[in-house]
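These notes are about the structure you will find just below.
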Amino acid sequence: MQDTRRTDMKLLEGGVLKEAEETIKADHVGNNPETDSDSATALQLFLDRIPINNSIPGIKNSPVVELKTGDTVKDAIEFLYSKNAFGAPIVDVLDPEIPLTRFPYRYIGFLDFATLVLWSLQNASKETGKGNFVSLLEKNPETGHTKVGELAKSFLWNPFFPVRLDDTLFHVLLLISKHRIRVVPVIEQSNLKVTGFVTQNAVIQLLLQSDGLTWFDSIAEKPLSEFRFENESVSFVYGDESIADALHVLFKSQTGAVAVIDRQTRMLIGSVRNGDVYLLLENEKIFRDRKVVTVEEFIRIETSNQDPDPTIERDMGALLSAGVLQLRNKYRPRMDSPVTNKKTDTLKEAMKNVARTKSDFCFQVDDSQHLLGILTLRDIILQSKVEH
């Protein structure tokens, strides 16, 4: 398996990407662009010649789980937790008589585990005392028994905008930038079922394969200070606030991460992310004590994330794991080791930083580790496709 994966990567680097580069050159679309607009156009043409099926060898690494519109929030959370799944597409089974010509796909959206848990915490009015998270949902049936299909019109819902295996990387970039979706489902054309996902981290990994090409470098080698990102402000909590406070801010911010700041020094000391929410089910004590344990104590918690195959996964990262959206992500940085960049760093340096650390974002800090902002993967992807 290890040799096969290395072979896939060599074919990727020397095959489809090289072919796309040569085609752009043959079409005389500026390998030596004179303007930023030329660079952006050339990069877009380059990405539009890279099909998904040839560029992401790990897109079918794991089976895709599904939720149904009639499932309750409690059932959905327990199911995703048992399957170690980050999230799942929602199958519309409420009205099976609706013809496919009206709704061409079986799915109406995508829900992730963390958002369901955070929403439940916000809406549950009765506490459980010594109970666990599931008992909270049982004690609050108006929350736990809510059907996931009823959440379709809320901001919790990720719309369903899939791609086919023969679509291109540029098509994926357009969907992520336009519709604010965290993952892009990949549809099997023969049966219209989701066969895998393209993650934002996988897209960053693929964009970095353009490193060295003039039309990519002319954009990516600019310092971060020259870009205008959507998330100029960043949500944060102080280390002496409670876990519950941090979870509340995490839910309200909708950025996927909350910075943790030392109240005395104002320095960045960590972060709480959507990917850490599963610990509320993994560790009942954390859940029960969430209103009294401080965030600083929480981010110091050790997790047994042992890397069983570092030579493969560390080298190839999201390219191999694009189809594996796991709750227990053993490659995620520790909560007390936030990924950071400075505004003097280039966009390419930030891309390599998040790719190397398998992070969904990086915080922008000054020389004293004071927080300046947050840079998400979507922010980076937007700069790679935008017309300058």
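Each chain of the structure tokens is named A, B, ... in the order shown, its residues numbered from 1; ligands are numbered from 1 in display order.
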
inquiry  = With only C-alpha atoms as the counted atoms, please give the residues lying no more than 8 Å from region 164-181 of chain A, apart from itself and same-chain residues fewer than 2 positions off, as a ChimeraX atom specification.
reply    = /A:44,47-53,158-159,161-162,183-184,186-189,198,200,203,378,381-382,385

Once you have the residues from the selection above, write them out as a compact mmCIF listing (two decimals), in the first residue's frame, restricted to N, CA, C and O atoms.
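What ended up in selection16.txt:
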# COMPACT_ATOMS: atom_id res chain seq x y z
N GLN A 44 -5.91 30.28 -13.22
CA GLN A 44 -7.25 29.71 -13.33
C GLN A 44 -7.33 28.72 -14.49
O GLN A 44 -7.91 27.64 -14.37
N LEU A 47 -5.57 25.52 -13.40
CA LEU A 47 -6.36 24.71 -12.48
C LEU A 47 -7.57 24.08 -13.18
O LEU A 47 -8.04 23.01 -12.78
N ASP A 48 -8.06 24.75 -14.22
CA ASP A 48 -9.22 24.24 -14.94
C ASP A 48 -8.86 23.08 -15.86
O ASP A 48 -9.74 22.50 -16.51
N ARG A 49 -7.59 22.72 -15.92
CA ARG A 49 -7.14 21.58 -16.72
C ARG A 49 -6.71 20.40 -15.85
O ARG A 49 -6.14 19.43 -16.34
N ILE A 50 -7.00 20.50 -14.54
CA ILE A 50 -6.62 19.43 -13.62
C ILE A 50 -7.89 18.74 -13.12
O ILE A 50 -8.59 19.25 -12.26
N PRO A 51 -8.22 17.56 -13.67
CA PRO A 51 -9.43 16.86 -13.22
C PRO A 51 -9.25 16.28 -11.83
O PRO A 51 -8.17 15.89 -11.43
N ILE A 52 -10.35 16.24 -11.08
CA ILE A 52 -10.31 15.77 -9.71
C ILE A 52 -9.84 14.32 -9.63
O ILE A 52 -9.03 13.95 -8.78
N ASN A 53 -10.36 13.47 -10.54
CA ASN A 53 -10.06 12.04 -10.43
C ASN A 53 -8.58 11.73 -10.64
O ASN A 53 -8.09 10.71 -10.17
N ASN A 158 -25.13 23.22 5.60
CA ASN A 158 -24.25 23.45 4.47
C ASN A 158 -24.96 23.00 3.21
O ASN A 158 -25.35 21.83 3.11
N PRO A 159 -25.17 23.88 2.24
CA PRO A 159 -25.88 23.49 1.02
C PRO A 159 -25.13 22.41 0.26
O PRO A 159 -23.94 22.21 0.43
N PHE A 161 -23.63 21.18 -2.95
CA PHE A 161 -23.13 21.54 -4.27
C PHE A 161 -22.02 20.55 -4.63
O PHE A 161 -20.85 20.78 -4.32
N PRO A 162 -22.37 19.44 -5.27
CA PRO A 162 -21.38 18.40 -5.54
C PRO A 162 -20.62 18.63 -6.84
O PRO A 162 -20.97 19.50 -7.65
N VAL A 183 -16.64 21.35 2.76
CA VAL A 183 -16.20 20.21 1.95
C VAL A 183 -17.06 20.17 0.70
O VAL A 183 -18.20 20.62 0.69
N VAL A 184 -16.49 19.62 -0.37
CA VAL A 184 -17.22 19.48 -1.62
C VAL A 184 -17.48 18.00 -1.87
O VAL A 184 -16.53 17.22 -2.05
N VAL A 186 -18.25 14.58 -3.76
CA VAL A 186 -17.98 14.06 -5.10
C VAL A 186 -19.02 13.00 -5.42
O VAL A 186 -19.20 12.03 -4.67
N ILE A 187 -19.73 13.19 -6.52
CA ILE A 187 -20.85 12.32 -6.91
C ILE A 187 -20.39 11.28 -7.94
O ILE A 187 -19.68 11.60 -8.90
N GLU A 188 -20.81 10.04 -7.72
CA GLU A 188 -20.63 8.99 -8.72
C GLU A 188 -21.72 9.15 -9.76
O GLU A 188 -22.91 9.08 -9.44
N GLN A 189 -21.34 9.39 -11.00
CA GLN A 189 -22.31 9.72 -12.02
C GLN A 189 -23.31 8.60 -12.28
O GLN A 189 -24.48 8.84 -12.60
N VAL A 198 -13.91 16.34 -1.34
CA VAL A 198 -12.70 17.14 -1.51
C VAL A 198 -12.69 18.16 -0.37
O VAL A 198 -13.61 18.96 -0.25
N GLN A 200 -10.97 21.34 1.93
CA GLN A 200 -10.23 22.56 1.65
C GLN A 200 -8.73 22.34 1.81
O GLN A 200 -7.93 22.90 1.06
N VAL A 203 -7.33 20.90 -1.31
CA VAL A 203 -7.19 21.93 -2.35
C VAL A 203 -5.90 22.73 -2.15
O VAL A 203 -5.18 23.01 -3.11
N ARG A 378 -10.36 28.90 3.47
CA ARG A 378 -11.19 29.54 2.44
C ARG A 378 -10.62 30.90 2.05
O ARG A 378 -10.66 31.28 0.88
N ILE A 381 -7.89 30.15 -0.37
CA ILE A 381 -8.42 29.68 -1.65
C ILE A 381 -9.01 30.84 -2.45
O ILE A 381 -8.86 30.91 -3.68
N LEU A 382 -9.68 31.77 -1.76
CA LEU A 382 -10.23 32.93 -2.44
C LEU A 382 -9.15 33.74 -3.15
O LEU A 382 -9.35 34.22 -4.28
N LYS A 385 -8.00 32.29 -6.59
CA LYS A 385 -8.87 32.32 -7.76
C LYS A 385 -9.35 33.70 -8.12
O LYS A 385 -9.92 33.93 -9.17

task = Enumerate, as a ChimeraX atom specification, the complete set of residues in region 205-313 of chain A that a backbone-based DSSP assignment places in strand (DSSP E).
result = /A:236-238,257-261,268-273

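Distances from A:Asn140, A:Ser225, A:Ser154, A:Thr72 to Thr344 (chain A) were compared using only C-alpha atoms, and the smallest one belongs to A:Ser225.
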
query = Hey, which of A:Arg288, A:Lys343, A:Arg334, A:Arg356 ends up closest to Lys130 (chain A)? Count only C-alpha atoms.
reply = A:Arg288

task = Find the residues near Ser368 (chain A): any atom within 12 Å, counting only C-alpha atoms, skip ones fewer than 3 places away on the same chain, and give them as a ChimeraX atom specification.
result = /A:265-269,340,342,364-365,371-372

Contacts of Val234 (chain A) at 12 Å (only C-alpha atoms; same-chain gap of 3+ positions) as a CSV table (one decimal) with C-alpha atoms, in the first residue's frame:
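Done, and the output landed in out-v3.csv:
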chain,number,residue,atom,x,y,z
A,229,PHE,CA,-9.1,38.8,3.9
A,230,GLU,CA,-12.8,38.3,4.9
A,231,ASN,CA,-12.0,37.5,8.6
A,237,VAL,CA,-11.7,34.1,24.9
A,249,VAL,CA,-18.2,32.0,21.2
A,250,LEU,CA,-17.2,29.1,18.9
A,252,LYS,CA,-21.6,32.3,17.4
A,253,SER,CA,-18.4,33.0,15.4
A,254,GLN,CA,-19.0,30.4,12.7
A,255,THR,CA,-15.3,30.5,11.8
A,256,GLY,CA,-14.4,27.1,13.2
A,257,ALA,CA,-11.9,28.3,15.7
A,258,VAL,CA,-11.7,30.6,18.8
A,259,ALA,CA,-8.4,32.0,19.9
A,260,VAL,CA,-7.4,31.7,23.6
A,261,ILE,CA,-5.6,34.7,25.0
A,268,LEU,CA,-2.0,33.9,22.1
A,271,SER,CA,-7.3,27.8,20.4
A,361,PHE,CA,-6.6,28.0,9.7
A,362,CYS,CA,-3.7,30.0,11.1
A,363,PHE,CA,-3.7,33.0,13.4
A,364,GLN,CA,-1.9,36.2,12.4
A,365,VAL,CA,0.3,37.5,15.2
A,370,HIS,CA,-0.3,39.3,20.1
A,371,LEU,CA,-3.3,38.3,18.1
A,372,LEU,CA,-4.0,40.3,14.9
A,373,GLY,CA,-6.4,38.1,12.9
A,374,ILE,CA,-7.3,34.7,11.6
A,375,LEU,CA,-6.6,33.3,8.1
A,376,THR,CA,-8.9,30.4,7.1
